[in-house]
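What follows is data03.cif (mmCIF, C-alpha atoms).
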```cif
data_run
#
loop_
_atom_site.label_atom_id
_atom_site.label_comp_id
_atom_site.auth_asym_id
_atom_site.auth_seq_id
_atom_site.Cartn_x
_atom_site.Cartn_y
_atom_site.Cartn_z
CA MET A 47 -24.46 -62.20 -28.08
CA ALA A 48 -25.54 -60.56 -24.86
CA ALA A 49 -29.25 -60.13 -24.29
CA THR A 50 -30.53 -57.56 -21.89
CA GLY A 51 -33.94 -56.04 -21.58
CA ALA A 52 -35.51 -55.60 -25.00
CA ARG A 53 -32.21 -55.17 -26.81
CA THR A 54 -29.52 -57.57 -27.96
CA PHE A 55 -25.95 -56.58 -28.76
CA ALA A 56 -23.30 -58.54 -30.62
CA ARG A 57 -19.97 -58.02 -28.87
CA ASP A 58 -18.37 -56.22 -31.82
CA THR A 59 -21.20 -53.73 -32.01
CA VAL A 60 -20.84 -52.56 -28.39
CA GLY A 61 -17.89 -50.33 -29.21
CA ARG A 62 -19.76 -48.79 -32.12
CA GLU A 63 -22.84 -48.15 -30.00
CA VAL A 64 -20.76 -46.58 -27.19
CA ARG A 65 -19.17 -44.25 -29.73
CA ARG A 66 -22.59 -43.36 -31.10
CA VAL A 67 -23.85 -42.57 -27.59
CA LEU A 68 -20.75 -40.53 -26.88
CA ARG A 69 -21.05 -38.47 -30.05
CA SER A 70 -24.81 -37.97 -30.04
CA HIS A 71 -25.01 -37.24 -26.36
CA LEU A 72 -22.13 -34.81 -26.17
CA SER A 73 -22.14 -33.34 -29.66
CA LEU A 74 -18.44 -34.09 -29.96
CA ARG A 75 -16.59 -32.61 -32.87
CA TRP A 76 -14.71 -35.91 -33.24
CA ARG A 77 -15.51 -38.22 -36.13
CA GLU A 78 -16.30 -41.80 -35.17
CA GLN A 79 -13.13 -43.19 -36.78
CA GLU A 80 -11.04 -40.77 -34.70
CA LEU A 81 -12.39 -42.18 -31.46
CA ALA A 82 -9.70 -44.80 -30.77
CA ASP A 83 -9.91 -47.15 -27.81
CA GLN A 84 -6.78 -45.57 -26.33
CA ILE A 85 -8.12 -42.05 -26.18
CA PRO A 86 -8.67 -40.82 -22.60
CA LEU A 87 -12.22 -39.70 -21.83
CA GLY A 88 -11.09 -36.72 -19.77
CA GLY A 89 -8.11 -34.37 -19.62
CA THR A 90 -6.07 -34.24 -22.81
CA GLY A 91 -8.28 -36.77 -24.61
CA LEU A 92 -11.95 -36.00 -25.09
CA GLY A 93 -11.70 -33.44 -22.29
CA LEU A 94 -14.84 -34.52 -20.47
CA ASP A 95 -15.22 -33.20 -16.92
CA SER A 96 -16.75 -35.25 -14.11
CA ILE A 97 -20.33 -34.17 -14.85
CA LYS A 98 -20.05 -34.92 -18.57
CA LEU A 99 -18.43 -38.26 -17.76
CA LEU A 100 -21.41 -39.02 -15.54
CA ASP A 101 -23.79 -38.02 -18.34
CA VAL A 102 -22.04 -40.47 -20.68
CA ILE A 103 -22.20 -43.30 -18.14
CA LEU A 104 -25.90 -42.70 -17.51
CA ALA A 105 -26.59 -42.45 -21.26
CA CYS A 106 -24.80 -45.77 -21.82
CA GLU A 107 -26.83 -47.37 -19.04
CA GLN A 108 -30.01 -46.16 -20.68
CA SER A 109 -28.95 -47.16 -24.18
CA PHE A 110 -27.86 -50.69 -23.18
CA ASP A 111 -30.43 -51.07 -20.40
CA VAL A 112 -27.80 -52.16 -17.88
CA HIS A 113 -26.44 -51.07 -14.52
CA MET A 114 -22.77 -50.13 -14.74
CA PRO A 115 -20.88 -50.41 -11.43
CA VAL A 116 -18.27 -47.79 -12.32
CA GLU A 117 -16.49 -48.23 -8.99
CA GLU A 118 -15.17 -51.56 -10.29
CA LEU A 119 -13.06 -49.75 -12.88
CA SER A 120 -9.84 -49.16 -10.95
CA VAL A 121 -8.21 -46.52 -13.11
CA SER A 122 -7.73 -42.84 -12.48
CA ALA A 123 -8.09 -41.73 -16.10
CA PRO A 124 -10.26 -44.14 -18.08
CA THR A 125 -10.03 -44.45 -21.83
CA LEU A 126 -12.76 -45.06 -24.37
CA GLY A 127 -11.65 -48.71 -24.41
CA ASP A 128 -12.19 -48.88 -20.63
CA LEU A 129 -15.71 -47.55 -21.08
CA VAL A 130 -16.47 -50.13 -23.77
CA ALA A 131 -15.10 -52.88 -21.50
CA LEU A 132 -17.27 -51.60 -18.67
CA VAL A 133 -20.37 -51.82 -20.86
CA GLU A 134 -19.39 -55.31 -22.06
CA ALA A 135 -18.92 -56.49 -18.47
CA ALA A 136 -22.30 -55.04 -17.52
CA LEU A 137 -23.96 -56.76 -20.50
CA GLU A 138 -22.38 -60.09 -19.58
CA ARG A 139 -23.55 -59.71 -15.99
CA ALA A 140 -27.05 -58.87 -17.16
CA ALA A 141 -27.14 -61.89 -19.46
CA GLU A 142 -26.16 -64.36 -16.70
CA MET B 41 -1.07 -25.46 27.18
CA ILE B 42 -2.10 -27.75 24.38
CA MET B 43 -0.55 -27.22 20.99
CA LEU B 44 -1.43 -29.02 17.79
CA ALA B 45 2.20 -29.46 16.72
CA GLY B 46 3.85 -32.83 17.43
CA ALA B 47 2.41 -36.35 17.38
CA ALA B 48 2.30 -37.05 21.13
CA PRO B 49 0.51 -33.82 22.10
CA ARG B 50 -1.92 -34.39 19.22
CA ARG B 51 -2.74 -37.88 20.56
CA LYS B 52 -3.34 -36.42 24.03
CA LEU B 53 -5.49 -33.72 22.54
CA VAL B 54 -7.60 -36.21 20.59
CA SER B 55 -8.11 -38.29 23.76
CA LEU B 56 -9.05 -35.16 25.67
CA ILE B 57 -11.66 -34.10 23.13
CA ALA B 58 -13.10 -37.61 22.93
CA ALA B 59 -13.40 -37.83 26.71
CA TRP B 60 -14.65 -34.30 27.45
CA PRO B 61 -15.81 -32.70 24.19
CA ARG B 62 -17.91 -29.95 25.72
CA LEU B 63 -15.18 -28.93 28.17
CA THR B 64 -12.48 -28.98 25.48
CA PHE B 65 -14.52 -27.06 22.93
CA THR B 66 -15.53 -24.49 25.53
CA ALA B 67 -11.92 -24.05 26.70
CA ALA B 68 -10.73 -23.73 23.09
CA GLY B 69 -12.91 -20.67 22.64
CA LEU B 70 -11.55 -18.84 25.67
CA PRO B 71 -9.44 -15.74 25.10
CA GLY B 72 -5.75 -16.58 25.26
CA VAL B 73 -6.29 -20.22 24.31
CA ALA B 74 -7.50 -19.69 20.77
CA SER B 75 -4.19 -18.55 19.31
CA ARG B 76 -2.43 -21.58 20.81
CA VAL B 77 -4.83 -24.09 19.27
CA ALA B 78 -5.14 -22.68 15.77
CA ARG B 79 -3.02 -20.05 14.08
CA THR B 80 -5.55 -18.95 11.47
CA SER B 81 -6.35 -15.30 11.99
CA PRO B 82 -9.99 -14.17 11.91
CA PRO B 83 -11.14 -11.82 9.17
CA THR B 84 -10.55 -8.17 9.98
CA VAL B 85 -13.33 -5.67 10.50
CA ALA B 86 -12.40 -4.16 7.12
CA GLU B 87 -12.71 -7.54 5.41
CA LEU B 88 -16.05 -8.21 7.08
CA ALA B 89 -17.27 -4.76 6.09
CA ALA B 90 -16.26 -5.41 2.48
CA LEU B 91 -18.20 -8.65 2.49
CA LEU B 92 -21.26 -7.88 4.60
CA GLY B 93 -21.81 -4.33 3.43
CA ASP B 94 -23.84 -1.90 5.46
CA VAL B 95 -23.27 -3.27 8.96
CA PRO B 96 -22.37 -0.95 11.91
CA GLU B 97 -18.77 -1.17 13.06
CA PRO B 98 -19.58 -2.32 16.64
CA THR B 99 -21.57 -5.20 15.15
CA LEU B 100 -18.66 -6.08 12.87
CA ARG B 101 -16.31 -6.11 15.88
CA GLY B 102 -18.68 -8.50 17.64
CA ILE B 103 -18.72 -10.76 14.57
CA GLU B 104 -14.92 -10.65 14.42
CA ARG B 105 -14.68 -11.74 18.08
CA ALA B 106 -17.22 -14.52 17.58
CA ILE B 107 -15.35 -15.85 14.53
CA ALA B 108 -12.06 -15.70 16.45
CA LYS B 109 -13.61 -17.85 19.18
CA ARG B 110 -14.93 -20.40 16.68
CA ILE B 111 -11.66 -20.88 14.78
CA PRO B 112 -10.04 -23.11 17.45
CA GLN B 113 -13.34 -24.84 18.13
CA ASN B 114 -13.73 -25.73 14.46
CA ARG B 115 -10.09 -26.79 14.28
CA LEU B 116 -10.46 -29.16 17.24
CA LEU B 117 -13.64 -30.57 15.75
CA GLU B 118 -11.80 -31.27 12.49
CA VAL B 119 -9.01 -32.98 14.42
CA ILE B 120 -11.38 -35.32 16.25
CA VAL B 121 -13.47 -36.13 13.15
CA ASN B 122 -10.41 -36.75 11.00
CA ARG B 123 -8.72 -38.95 13.61
CA ARG B 124 -11.54 -40.77 15.38
CA GLY B 125 -14.36 -40.56 12.88
CA VAL B 126 -17.57 -38.59 13.00
CA GLY B 127 -19.29 -41.15 15.24
CA THR B 128 -17.16 -39.94 18.18
CA LEU B 129 -19.30 -36.80 18.34
CA ALA B 130 -22.70 -38.46 17.95
CA SER B 131 -23.56 -38.03 21.64
CA HIS B 132 -22.24 -34.47 21.70
CA VAL B 133 -24.37 -32.79 19.06
CA ARG B 134 -27.94 -31.58 19.37
CA ALA B 135 -30.04 -32.40 16.32
CA HIS B 136 -33.06 -30.21 15.56
CA GLY B 137 -35.76 -30.57 12.94
CA PHE B 138 -34.85 -34.07 11.76
CA GLU B 139 -38.36 -35.52 12.21
CA PRO B 140 -39.33 -35.06 8.50
CA LEU B 141 -36.18 -36.90 7.50
CA ARG B 142 -36.91 -39.78 9.87
CA ALA B 143 -40.44 -40.03 8.46
CA LEU B 144 -39.15 -39.92 4.90
CA ARG B 145 -36.68 -42.72 5.57
CA ALA B 146 -39.30 -44.78 7.37
CA GLU B 147 -41.18 -44.78 4.05
CA GLY B 148 -38.02 -45.88 2.23
CA ARG B 149 -37.66 -42.56 0.41
CA SER B 150 -34.43 -40.72 -0.38
CA ALA B 151 -33.07 -37.21 0.08
CA VAL B 152 -30.00 -35.14 -0.52
CA LEU B 153 -28.72 -33.14 2.46
CA VAL B 154 -26.76 -30.10 1.43
CA THR B 155 -24.16 -28.75 3.86
CA TRP B 156 -22.04 -25.63 3.60
CA HIS B 157 -18.49 -24.68 4.47
CA THR B 158 -19.68 -22.72 7.49
CA GLY B 159 -19.36 -23.35 11.21
CA PRO B 160 -18.64 -26.88 12.45
CA TYR B 161 -20.13 -28.47 9.32
CA LEU B 162 -18.29 -31.76 9.85
CA ALA B 163 -20.63 -32.41 12.80
CA VAL B 164 -23.61 -32.90 10.46
CA GLY B 165 -22.75 -36.59 10.12
CA ALA B 166 -22.71 -36.95 13.90
CA ALA B 167 -26.24 -35.56 14.10
CA LEU B 168 -27.47 -38.03 11.49
CA LEU B 169 -25.91 -40.91 13.41
CA ALA B 170 -27.45 -39.60 16.62
CA CYS B 171 -30.83 -39.75 14.85
CA GLY B 172 -30.16 -43.33 13.72
CA LEU B 173 -29.89 -42.33 10.05
CA ASP B 174 -27.27 -44.01 7.84
CA PHE B 175 -25.85 -41.94 5.03
CA LEU B 176 -23.43 -41.69 2.14
CA ALA B 177 -21.25 -38.57 2.15
CA LEU B 178 -19.20 -37.05 -0.65
CA ARG B 179 -16.05 -35.29 0.56
CA HIS B 180 -13.09 -33.79 -1.22
CA ARG B 181 -10.80 -36.14 0.72
CA VAL B 182 -11.64 -39.09 2.94
CA ARG B 183 -10.05 -38.88 6.37
CA GLY B 184 -10.54 -40.69 9.62
CA PRO B 185 -11.48 -44.27 10.39
CA ALA B 186 -14.54 -46.04 9.02
CA CYS B 187 -17.68 -45.67 11.07
CA ALA B 188 -20.78 -47.90 11.12
CA GLY B 189 -23.63 -46.30 9.21
CA VAL B 190 -21.38 -43.93 7.29
CA HIS B 191 -19.97 -44.40 3.81
CA ILE B 192 -17.70 -41.59 2.65
CA LEU B 193 -16.55 -41.30 -0.96
CA PRO B 194 -13.77 -38.98 -2.15
CA THR B 195 -14.35 -36.56 -5.00
CA GLY B 196 -11.12 -34.55 -5.09
CA GLY B 197 -8.81 -37.00 -6.86
CA GLY B 198 -9.73 -35.99 -10.39
CA PRO B 199 -12.73 -36.08 -12.73
CA TRP B 200 -13.11 -39.87 -12.76
CA GLU B 201 -13.09 -40.12 -8.95
CA ALA B 202 -15.80 -37.47 -8.79
CA THR B 203 -17.80 -39.27 -11.48
CA VAL B 204 -17.60 -42.56 -9.61
CA ALA B 205 -18.69 -40.87 -6.36
CA LEU B 206 -21.65 -39.14 -8.03
CA LYS B 207 -22.70 -42.34 -9.81
CA GLN B 208 -22.62 -44.29 -6.54
CA ALA B 209 -24.60 -41.52 -4.87
CA ILE B 210 -27.27 -41.73 -7.61
CA THR B 211 -27.43 -45.50 -7.13
CA ARG B 212 -27.79 -45.00 -3.38
CA LEU B 213 -30.61 -42.51 -3.84
CA ALA B 214 -32.38 -44.76 -6.34
CA GLY B 215 -32.36 -47.58 -3.79
CA GLY B 216 -33.57 -45.40 -0.90
CA GLY B 217 -31.02 -43.55 1.18
CA LEU B 218 -29.48 -40.27 2.23
CA VAL B 219 -26.60 -38.52 0.53
CA VAL B 220 -24.74 -35.65 2.19
CA MET B 221 -22.64 -33.23 0.17
CA ALA B 222 -21.47 -29.64 0.24
CA GLY B 223 -23.46 -27.31 -1.95
CA ASP B 224 -20.97 -24.45 -2.03
CA GLY B 225 -18.00 -26.20 -3.61
CA LEU B 226 -16.03 -23.52 -5.44
CA GLN B 227 -13.02 -25.48 -6.64
CA GLY B 228 -13.06 -27.82 -9.57
CA GLU B 229 -14.04 -27.90 -13.19
CA SER B 230 -17.18 -26.33 -14.58
CA GLY B 231 -19.65 -24.55 -12.35
CA THR B 232 -22.76 -22.44 -12.41
CA ASP B 233 -22.39 -18.72 -11.71
CA VAL B 234 -24.26 -17.70 -8.58
CA GLU B 235 -24.38 -14.67 -6.32
CA LEU B 236 -23.19 -15.01 -2.74
CA LEU B 237 -22.74 -12.07 -0.35
CA GLY B 238 -22.51 -9.70 -3.28
CA ARG B 239 -19.82 -11.72 -5.07
CA GLN B 240 -20.02 -13.73 -8.22
CA VAL B 241 -18.78 -17.28 -7.65
CA ALA B 242 -19.29 -20.59 -9.43
CA PHE B 243 -20.92 -23.41 -7.45
CA GLN B 244 -19.91 -26.88 -8.58
CA ARG B 245 -22.74 -28.69 -10.31
CA GLY B 246 -22.60 -32.00 -8.44
CA LEU B 247 -25.49 -31.17 -6.12
CA ALA B 248 -27.80 -30.17 -8.96
CA VAL B 249 -26.87 -33.19 -11.08
CA LEU B 250 -27.53 -35.51 -8.17
CA ALA B 251 -30.90 -33.98 -7.34
CA HIS B 252 -31.91 -33.91 -11.01
CA HIS B 253 -31.04 -37.54 -11.79
CA ALA B 254 -32.40 -38.92 -8.54
CA GLY B 255 -35.45 -36.61 -8.44
CA VAL B 256 -35.33 -36.27 -4.67
CA PRO B 257 -35.78 -33.32 -2.28
CA VAL B 258 -32.77 -31.27 -1.22
CA PHE B 259 -32.67 -30.32 2.46
CA PRO B 260 -30.23 -27.63 3.65
CA VAL B 261 -28.57 -28.59 6.92
CA THR B 262 -26.44 -26.35 9.12
CA ALA B 263 -24.21 -26.71 12.15
CA ARG B 264 -23.37 -23.95 14.59
CA TRP B 265 -21.76 -23.56 17.96
CA GLN B 266 -23.85 -23.00 21.05
CA GLY B 267 -21.17 -22.54 23.71
CA GLY B 268 -19.19 -25.77 23.76
CA ARG B 269 -21.88 -27.76 21.98
CA VAL B 270 -22.77 -28.11 18.33
CA GLU B 271 -26.34 -27.60 17.20
CA VAL B 272 -27.22 -29.22 13.88
CA ARG B 273 -30.45 -28.15 12.21
CA LEU B 274 -32.34 -29.59 9.26
CA HIS B 275 -34.22 -26.91 7.32
CA GLU B 276 -37.14 -26.97 4.91
CA PRO B 277 -36.21 -28.46 1.51
CA LEU B 278 -35.26 -26.07 -1.28
CA PRO B 279 -38.46 -25.12 -3.10
CA VAL B 280 -37.29 -25.36 -6.71
CA ALA B 281 -38.09 -28.13 -9.15
CA THR B 282 -35.01 -30.29 -9.48
CA THR B 283 -35.29 -30.46 -13.27
CA ASP B 284 -33.72 -27.00 -13.58
CA GLN B 285 -30.16 -27.58 -12.43
CA ASP B 286 -28.91 -24.01 -12.72
CA GLU B 287 -31.94 -22.69 -10.85
CA LEU B 288 -31.41 -25.22 -8.08
CA LEU B 289 -27.86 -23.94 -7.59
CA ARG B 290 -29.02 -20.31 -7.64
CA GLN B 291 -31.67 -21.22 -5.09
CA ALA B 292 -29.00 -22.93 -2.95
CA ALA B 293 -26.84 -19.80 -3.14
CA ARG B 294 -29.76 -17.55 -2.15
CA TRP B 295 -30.49 -19.84 0.78
CA LEU B 296 -26.85 -19.76 1.92
CA ASP B 297 -26.70 -15.99 1.43
CA GLY B 298 -29.66 -15.53 3.75
CA TYR B 299 -28.21 -17.91 6.31
CA LEU B 300 -24.81 -16.20 6.35
CA ARG B 301 -26.33 -12.74 6.65
CA ALA B 302 -28.35 -13.99 9.63
CA THR B 303 -25.43 -15.84 11.25
CA PRO B 304 -22.21 -14.16 10.03
CA GLU B 305 -20.32 -15.49 13.05
CA GLU B 306 -20.38 -18.90 11.33
CA LEU B 307 -18.30 -17.59 8.41
CA ARG B 308 -14.97 -19.38 8.15
CA PRO B 309 -11.91 -17.19 7.53
CA ASP B 310 -10.78 -19.13 4.43
CA ARG B 311 -14.22 -18.69 2.86
CA VAL B 312 -14.25 -14.98 3.68
CA ARG B 313 -10.95 -14.54 1.86
CA LEU B 314 -12.05 -16.72 -1.05
CA LEU B 315 -15.21 -14.64 -1.47
CA LEU B 316 -13.29 -11.37 -1.20
CA SER B 317 -11.06 -12.48 -4.07
CA ALA B 318 -14.11 -13.06 -6.30
CA PRO B 319 -15.54 -10.32 -8.51
CA LEU B 320 -18.36 -8.18 -7.21
CA VAL B 321 -21.72 -8.96 -8.76
CA ASP B 322 -21.78 -5.66 -10.62
CA GLY B 323 -18.57 -6.64 -12.39
CA ARG B 324 -16.03 -4.61 -10.42
CA ARG B 325 -13.00 -6.40 -9.03
CA ALA B 326 -13.00 -6.66 -5.23
CA SER B 327 -10.78 -4.11 -3.56
CA ALA B 328 -10.60 -5.57 -0.04
#
```
Before anything else, please render the file you have as structure tokens.
Amino acid sequence: MAATGARTFARDTVGREVRRVLRSHLSLRWREQELADQIPLGGTGLGLDSIKLLDVILACEQSFDVHMPVEELSVSAPTLGDLVALVEAALERAAE
Amino acid sequence: MIMLAGAAPRRKLVSLIAAWPRLTFTAAGLPGVASRVARTSPPTVAELAALLGDVPEPTLRGIERAIAKRIPQNRLLEVIVNRRGVGTLASHVRAHGFEPLRALRAEGRSAVLVTWHTGPYLAVGAALLACGLDFLALRHRVRGPACAGVHILPTGGGPWEATVALKQAITRLAGGGLVVMAGDGLQGESGTDVELLGRQVAFQRGLAVLAHHAGVPVFPVTARWQGGRVEVRLHEPLPVATTDQDELLRQAARWLDGYLRATPEELRPDRVRLLLSAPLVDGRRASA
């Protein structure tokens, strides 16, 4: 369990919550079960541009009440799994 | 005569500019020198007429000459900034109107400074350093050595790089700081349609997103040549509420339109040609 602010998240629910944020915030046509960890957030995956990617990051920060240092993610084309890992790392840091 | 081709002459040139910036920039603008320093040709009178509209031909010829003089000056300024860092020019620029920004920072508040691809815009950072103001800048590509008080983040390496830069800029603004970025970025993904010099172009939304999320004022800042010196001026903040992102970009475009019509000699040739390739506002394809 990682506690942060007023909310507590079990590790296995983080991925589900990130997907919920992604779908509700961006009105994606994708069904939740289609959103695999390996799918890229931009380009040929979900096709998010830099501004929409930023919106997702900020929405995740708000939803999980954490600060996400995105510069620590050293990839050029992050996947949904990378985003979930980023949230998990932020939750762990917040719980310390 | 100094040419930009070749590593050794370039090193000599960089040393020359660093040692005597005013002399070098003044010399670069002299007739006969310009074409040896930079090979970009100025916009023609016909191109300027197509862009600026109802302007008398003698005036257009004067603008053409002024732009031709500024091409090598801008090129040399880019060379020195990209090789020695923007701090090299801190003692060479004249900063005007920065008192409100100093006061704002003294209170720990934040602001976005919006620059434009006009004139010697890379000198804006030098003016901020001359005023003792640290800043974070977003640039398409990061060039030149690191400089105390300046943090430059690249945005041109793809969507994620731009996202990371914008997120860091929001964090910087939330903690109290200055962020400098171009407001007239035309290349990239999605943009907001705006009108500029009678053309329909799409401004990238980064500026509006930043101002909206951080809720801070947006100050236009310009740089222009005054002989061999650069004058950097901070203007009144844009008047729009930052909650309306599209309106902020339209306001930015109107501001830039007014500035360029008042100082057309600061137009850069590449921007002139980019604008001429854009559709006219009334929907007709540009013919120039």
Problem set entry | Residue with smallest distance to Glu117 in chain A - pool B:Trp265, B:Trp200, B:Phe243, B:Phe259, counting all atoms listed in the file | B:Trp200
For this session: Please return, as a PyMOL selection string, all residues of chain B lying within 7 Å of chain A when only C-alpha atoms are considered.
Result: chain B and resi 199-204+207+229
For this session: Starting from the shown file, work through the PyMOL selection byres ((chain B and resi 237-240) around 10) and note down what comes out as a ChimeraX atom specification.
Result: /B:90-93,233-236,241-243,293-294,296-298,300-301,312,315-326
Exercise. What does the distance from CA of Leu144 in chain B to CA of Val182 in chain B come to in Å, to one decimal?
Worked result: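 Computing the Euclidean distance for CA of Leu144 in chain B and CA of Val182 in chain B yields 27.6 Å.
With distances taken over all atoms listed in the file, B:His252 is the one residue among B:His252, B:Arg101, B:Arg212, B:Arg51 lying closest to Gln285 in chain B.
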